[in-house]
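Have a look at the structure below before the remarks.
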Amino acid sequence: MDDEKWSEVDRYLTDLYVPDDPVLRATLAESAAAKLPDIQVSPPQGKLLHLLAQIRGTRRILEIGTLGGYSTIWLARALPPGGHLISLELDARHAEVARSNVARAGLAHVVEVRVGPAAESLPRLAAEGAEPFDLIFIDADKQGYPEYLTWALKLSRRGSVIVADNVVRDGGVADPNTTDPSNRGIRRFHEMLAAESRVSATAIQTVGSKGYDGFALAFVTRDP
Ligand code: SAH
Ligand code: DHB
Ligand code: MG
């Protein structure tokens with residue numbers, strides 16, 4: 001089994017489960033035209049995020065790592081009228097592309113993209129007295145995951161769902177001696193999440209058009 005097969009199967013599943021969508025197609029095309037890295041979640045993963053938000057009856061979503069807004073649009077489309085999504089992005093250029101894609105999707109009134117390092121935006125959100133979020137998607141720099149998890153918990157309540165992308169990283173995460181800062185960040189994230197008494201959590205490996213990686217899922221069972 002190799003990447004070619006994983007991509008072939010992802011195309012097969014995408015054709016079945018993810019109907020062609022002009023807005024998402026344009027989002028990917030505009031992101032590519034703007035030379036953004038091709039690292040957004042895959043179509044089936046985007047739909048998984050969408051379904052998780054729907055299943056949860058989510059009204060408030062926090063995303064950490066916007067890129068061109070592909071996952072943002074999948075998530076925001078699951079919100080009921082009056083719902084809100086805040087997405088945090090370091091790179092002002094990524095945020096601009098995302099805002100334009102979000103506007104094309106008709107979601108400009110639902111989505112707020114905030115520019116800056118998430119490690120600064122998160123405490124600011126908390127200081128503003130932001131209401132707890134129902135779903136938090138962590139997908140920014142991997143060194144930051146431990147800190148983002150800490151803030152995600154602060155910004156949660158009982159019943160919130162926390163999802164994190166890229167938690168396997170080609171298997172690099174299983175190497176206890178890794179010196180790679182991203183792998184170290186993800187390992188620390190797993191250790192914190194597994195030891196956290198206020199959540200019930202798991203992580204699964206995934207393969208597909210985005211290679212070999214994984215998702216973590218946590219359910220907040222007690223008020224943080
Ligand atoms: N969630 C997106 C992909 C995000 S890629 C999707 O699936 O469509 C990771 C993003 O995190 C990049 O746009 C990168 O600029 C951003 N990022 C990196 N470091 C960051 C930081 N310290 N704070 C906020 N965002 C950051
Ligand atoms: C990278 C970041 C991501 O969020 C992702 O899904 C894949 C790769 C990266 O920084 O390389
Ligand atoms: Mg990712």
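Naming works like this for the structure tokens: A, B, ... for the chains as they're shown, residue 1 at the start of each chain, ligands 1 onward in shown order.
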- Query: What's the 12 Å shell around Leu67 of chain A, counting only C-alpha atoms, without same-chain residues fewer than 4 positions away, as JSON, numbers by chain?
  - Reply: {"A": [27, 28, 30, 31, 32, 34, 35, 36, 37, 38, 39, 40, 41, 63, 71, 72, 73, 87, 88, 89, 90, 91, 92, 93, 94, 95, 96, 97, 98, 99, 100, 101, 102, 113, 114, 115, 139, 140, 141]}
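The residues of segment 19-180 of chain A that DSSP assigns to strand (DSSP E) on this backbone come out as Arg60, Ile61, Leu62, Glu63, Ile64, His84, Leu85, Ile86, Ser87, Leu88, Glu89, Val111, Glu112, Val113, Arg114, Val115, Leu135, Ile136, Phe137, Ile138, Val161, Ile162, Val163, Ala164 and Asp165 of chain A.
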Can you spit out the residues from that selection as a short mmCIF file (atom, residue, chain, number, x, y, z; two decimals), in the first residue's frame, using N, CA, C and O atoms?
```
data_model
loop_
_atom_site.label_atom_id
_atom_site.label_comp_id
_atom_site.auth_asym_id
_atom_site.auth_seq_id
_atom_site.Cartn_x
_atom_site.Cartn_y
_atom_site.Cartn_z
N ARG A 60 -21.36 27.37 18.14
CA ARG A 60 -20.14 28.20 18.18
C ARG A 60 -18.93 27.33 17.91
O ARG A 60 -18.70 26.33 18.59
N ILE A 61 -18.15 27.73 16.91
CA ILE A 61 -16.97 26.96 16.51
C ILE A 61 -15.74 27.86 16.59
O ILE A 61 -15.78 29.03 16.18
N LEU A 62 -14.65 27.28 17.09
CA LEU A 62 -13.34 27.95 17.07
C LEU A 62 -12.39 27.09 16.26
O LEU A 62 -12.28 25.89 16.50
N GLU A 63 -11.73 27.73 15.29
CA GLU A 63 -10.74 27.03 14.47
C GLU A 63 -9.39 27.70 14.68
O GLU A 63 -9.29 28.93 14.67
N ILE A 64 -8.35 26.90 14.85
CA ILE A 64 -7.00 27.44 15.01
C ILE A 64 -6.19 26.98 13.80
O ILE A 64 -5.85 25.79 13.69
N HIS A 84 -21.90 30.90 14.87
CA HIS A 84 -20.72 31.76 14.68
C HIS A 84 -19.46 30.92 14.67
O HIS A 84 -19.35 29.95 15.43
N LEU A 85 -18.53 31.29 13.81
CA LEU A 85 -17.23 30.62 13.75
C LEU A 85 -16.13 31.67 13.80
O LEU A 85 -16.15 32.62 13.01
N ILE A 86 -15.18 31.48 14.70
CA ILE A 86 -13.99 32.33 14.76
C ILE A 86 -12.81 31.48 14.35
O ILE A 86 -12.61 30.37 14.87
N SER A 87 -12.02 31.96 13.38
CA SER A 87 -10.86 31.20 12.91
C SER A 87 -9.61 32.06 13.08
O SER A 87 -9.59 33.24 12.73
N LEU A 88 -8.57 31.46 13.64
CA LEU A 88 -7.33 32.18 13.97
C LEU A 88 -6.25 31.83 12.97
O LEU A 88 -6.00 30.65 12.70
N GLU A 89 -5.60 32.83 12.42
CA GLU A 89 -4.59 32.62 11.37
C GLU A 89 -3.42 33.59 11.56
O GLU A 89 -3.61 34.78 11.71
N VAL A 111 -18.58 33.91 9.71
CA VAL A 111 -17.17 33.60 9.98
C VAL A 111 -16.38 34.87 10.24
O VAL A 111 -16.48 35.85 9.50
N GLU A 112 -15.58 34.83 11.28
CA GLU A 112 -14.66 35.93 11.62
C GLU A 112 -13.25 35.36 11.62
O GLU A 112 -12.95 34.44 12.37
N VAL A 113 -12.37 35.87 10.73
CA VAL A 113 -10.98 35.43 10.69
C VAL A 113 -10.15 36.47 11.44
O VAL A 113 -10.19 37.66 11.09
N ARG A 114 -9.42 36.03 12.46
CA ARG A 114 -8.58 36.93 13.24
C ARG A 114 -7.12 36.66 12.94
O ARG A 114 -6.67 35.51 13.08
N VAL A 115 -6.39 37.68 12.58
CA VAL A 115 -4.99 37.53 12.19
C VAL A 115 -4.07 37.72 13.39
O VAL A 115 -4.25 38.66 14.17
N LEU A 135 -17.40 23.42 19.48
CA LEU A 135 -16.44 22.60 18.74
C LEU A 135 -15.19 23.44 18.48
O LEU A 135 -15.29 24.61 18.08
N ILE A 136 -14.04 22.86 18.74
CA ILE A 136 -12.76 23.55 18.51
C ILE A 136 -11.90 22.65 17.64
O ILE A 136 -11.70 21.46 17.95
N PHE A 137 -11.43 23.19 16.52
CA PHE A 137 -10.60 22.44 15.57
C PHE A 137 -9.19 23.02 15.60
O PHE A 137 -8.97 24.17 15.24
N ILE A 138 -8.25 22.21 16.04
CA ILE A 138 -6.84 22.63 16.15
C ILE A 138 -6.09 22.14 14.92
O ILE A 138 -6.02 20.93 14.66
N VAL A 161 -16.59 19.60 21.96
CA VAL A 161 -15.79 18.63 21.21
C VAL A 161 -14.53 19.32 20.73
O VAL A 161 -14.59 20.44 20.20
N ILE A 162 -13.39 18.67 20.92
CA ILE A 162 -12.11 19.20 20.42
C ILE A 162 -11.56 18.21 19.39
O ILE A 162 -11.48 17.01 19.67
N VAL A 163 -11.24 18.70 18.21
CA VAL A 163 -10.69 17.87 17.14
C VAL A 163 -9.32 18.44 16.78
O VAL A 163 -9.16 19.67 16.71
N ALA A 164 -8.34 17.58 16.56
CA ALA A 164 -7.02 18.06 16.14
C ALA A 164 -6.56 17.27 14.92
O ALA A 164 -6.68 16.04 14.88
N ASP A 165 -6.00 17.98 13.95
CA ASP A 165 -5.48 17.36 12.73
C ASP A 165 -3.98 17.09 12.90
O ASP A 165 -3.32 17.66 13.78
#
```
- Kindly indicate which residue among A:Lys47, A:His109, A:His190, A:Arg158 lies nearest to Tyr17 of chain A, using only C-alpha atoms for the distances. A:Lys47
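Restricting the calculation to only C-alpha atoms, the smallest distance between Ala108 of chain A and any of A:Ala76, A:Val9, A:Leu48, A:Ala130 is found for A:Ala76.
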- Find the spatial neighbours of segment 208-210 of chain A, counting only C-alpha atoms, within a cut-off of 6 Å - ignore same-chain residues fewer than 6 positions away - and output them as a ChimeraX atom specification. /A:6-7,10
Store the residues picked out above, limited to C-alpha atoms, as a PDB file, in the first residue's frame.
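New file selection35.pdb:
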```
ATOM      1  CA  TRP A   6      -4.490   5.981  -0.837  1.00  0.00           C
ATOM      2  CA  SER A   7      -5.193   8.822  -3.270  1.00  0.00           C
ATOM      3  CA  ASP A  10      -9.767   8.946  -1.598  1.00  0.00           C
TER       4      ASP A  10
END
```
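Shortest atom-to-atom contact with ligand 3 among A:Gln205, A:Asn166, A:Thr221, A:Thr66: A:Asn166, counting only C-alpha atoms and all ligand atoms.
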- Item | DSSP-assigned helix (DSSP H, G or I) members of chain A, reported as a ChimeraX atom specification | /A:3-17,22-33,43-56,70-76,92-104,118-127,142-154,169-174,181-195
- Message: Give me, as a PyMOL selection string, all polymer residues having an atom no more than 8 Å from segment 175-185 of chain A, counting only C-alpha atoms and skipping those fewer than 5 positions away in the same chain.
- Response: chain A and resi 141-146+169
Write out, as a PDB file, in the first residue's frame, the residues just selected, with all heavy atoms.
```pdb
ATOM      1  N   ASP A 141       0.299  25.484  13.598  1.00  0.00           N
ATOM      2  CA  ASP A 141       1.659  24.940  13.770  1.00  0.00           C
ATOM      3  C   ASP A 141       1.680  23.865  14.852  1.00  0.00           C
ATOM      4  O   ASP A 141       1.037  24.004  15.896  1.00  0.00           O
ATOM      5  CB  ASP A 141       2.626  26.068  14.119  1.00  0.00           C
ATOM      6  CG  ASP A 141       2.245  26.755  15.414  1.00  0.00           C
ATOM      7  OD1 ASP A 141       1.156  27.355  15.464  1.00  0.00           O
ATOM      8  OD2 ASP A 141       2.999  26.640  16.387  1.00  0.00           O
ATOM      9  N   LYS A 142       2.423  22.816  14.596  1.00  0.00           N
ATOM     10  CA  LYS A 142       2.348  21.635  15.465  1.00  0.00           C
ATOM     11  C   LYS A 142       3.075  21.834  16.808  1.00  0.00           C
ATOM     12  O   LYS A 142       2.689  21.235  17.801  1.00  0.00           O
ATOM     13  CB  LYS A 142       2.883  20.400  14.732  1.00  0.00           C
ATOM     14  CG  LYS A 142       2.280  20.212  13.323  1.00  0.00           C
ATOM     15  CD  LYS A 142       0.763  20.335  13.269  1.00  0.00           C
ATOM     16  CE  LYS A 142       0.233  20.635  11.872  1.00  0.00           C
ATOM     17  NZ  LYS A 142      -1.178  21.080  11.861  1.00  0.00           N
ATOM     18  N   GLN A 143       4.102  22.683  16.824  1.00  0.00           N
ATOM     19  CA  GLN A 143       4.760  22.996  18.112  1.00  0.00           C
ATOM     20  C   GLN A 143       3.783  23.622  19.087  1.00  0.00           C
ATOM     21  O   GLN A 143       3.924  23.509  20.291  1.00  0.00           O
ATOM     22  CB  GLN A 143       5.912  23.998  17.935  1.00  0.00           C
ATOM     23  CG  GLN A 143       7.127  23.475  17.221  1.00  0.00           C
ATOM     24  CD  GLN A 143       7.214  24.098  15.832  1.00  0.00           C
ATOM     25  OE1 GLN A 143       6.307  23.893  15.004  1.00  0.00           O
ATOM     26  NE2 GLN A 143       8.259  24.842  15.555  1.00  0.00           N
ATOM     27  N   GLY A 144       2.796  24.330  18.527  1.00  0.00           N
ATOM     28  CA  GLY A 144       1.861  25.076  19.373  1.00  0.00           C
ATOM     29  C   GLY A 144       0.755  24.229  19.970  1.00  0.00           C
ATOM     30  O   GLY A 144       0.019  24.701  20.845  1.00  0.00           O
ATOM     31  N   TYR A 145       0.606  22.978  19.520  1.00  0.00           N
ATOM     32  CA  TYR A 145      -0.557  22.178  19.935  1.00  0.00           C
ATOM     33  C   TYR A 145      -0.743  22.086  21.459  1.00  0.00           C
ATOM     34  O   TYR A 145      -1.873  22.188  21.938  1.00  0.00           O
ATOM     35  CB  TYR A 145      -0.504  20.774  19.318  1.00  0.00           C
ATOM     36  CG  TYR A 145      -1.139  20.667  17.932  1.00  0.00           C
ATOM     37  CD1 TYR A 145      -1.035  21.677  16.986  1.00  0.00           C
ATOM     38  CD2 TYR A 145      -1.847  19.518  17.559  1.00  0.00           C
ATOM     39  CE1 TYR A 145      -1.606  21.555  15.714  1.00  0.00           C
ATOM     40  CE2 TYR A 145      -2.429  19.391  16.296  1.00  0.00           C
ATOM     41  CZ  TYR A 145      -2.303  20.404  15.385  1.00  0.00           C
ATOM     42  OH  TYR A 145      -2.878  20.288  14.134  1.00  0.00           O
ATOM     43  N   PRO A 146       0.343  21.884  22.241  1.00  0.00           N
ATOM     44  CA  PRO A 146       0.122  21.798  23.696  1.00  0.00           C
ATOM     45  C   PRO A 146      -0.531  23.069  24.251  1.00  0.00           C
ATOM     46  O   PRO A 146      -1.480  22.997  25.035  1.00  0.00           O
ATOM     47  CB  PRO A 146       1.534  21.586  24.258  1.00  0.00           C
ATOM     48  CG  PRO A 146       2.282  20.922  23.135  1.00  0.00           C
ATOM     49  CD  PRO A 146       1.738  21.564  21.883  1.00  0.00           C
ATOM     50  N   ARG A 169       1.514  12.308  11.748  1.00  0.00           N
ATOM     51  CA  ARG A 169       2.679  12.823  11.043  1.00  0.00           C
ATOM     52  C   ARG A 169       3.588  11.723  10.495  1.00  0.00           C
ATOM     53  O   ARG A 169       4.738  11.602  10.900  1.00  0.00           O
ATOM     54  CB  ARG A 169       3.468  13.773  11.947  1.00  0.00           C
ATOM     55  CG  ARG A 169       2.655  15.029  12.320  1.00  0.00           C
ATOM     56  CD  ARG A 169       3.440  15.990  13.169  1.00  0.00           C
ATOM     57  NE  ARG A 169       4.772  16.204  12.666  1.00  0.00           N
ATOM     58  CZ  ARG A 169       5.080  17.012  11.651  1.00  0.00           C
ATOM     59  NH1 ARG A 169       4.123  17.688  11.056  1.00  0.00           N
ATOM     60  NH2 ARG A 169       6.313  17.130  11.247  1.00  0.00           N
TER      61      ARG A 169
END
```
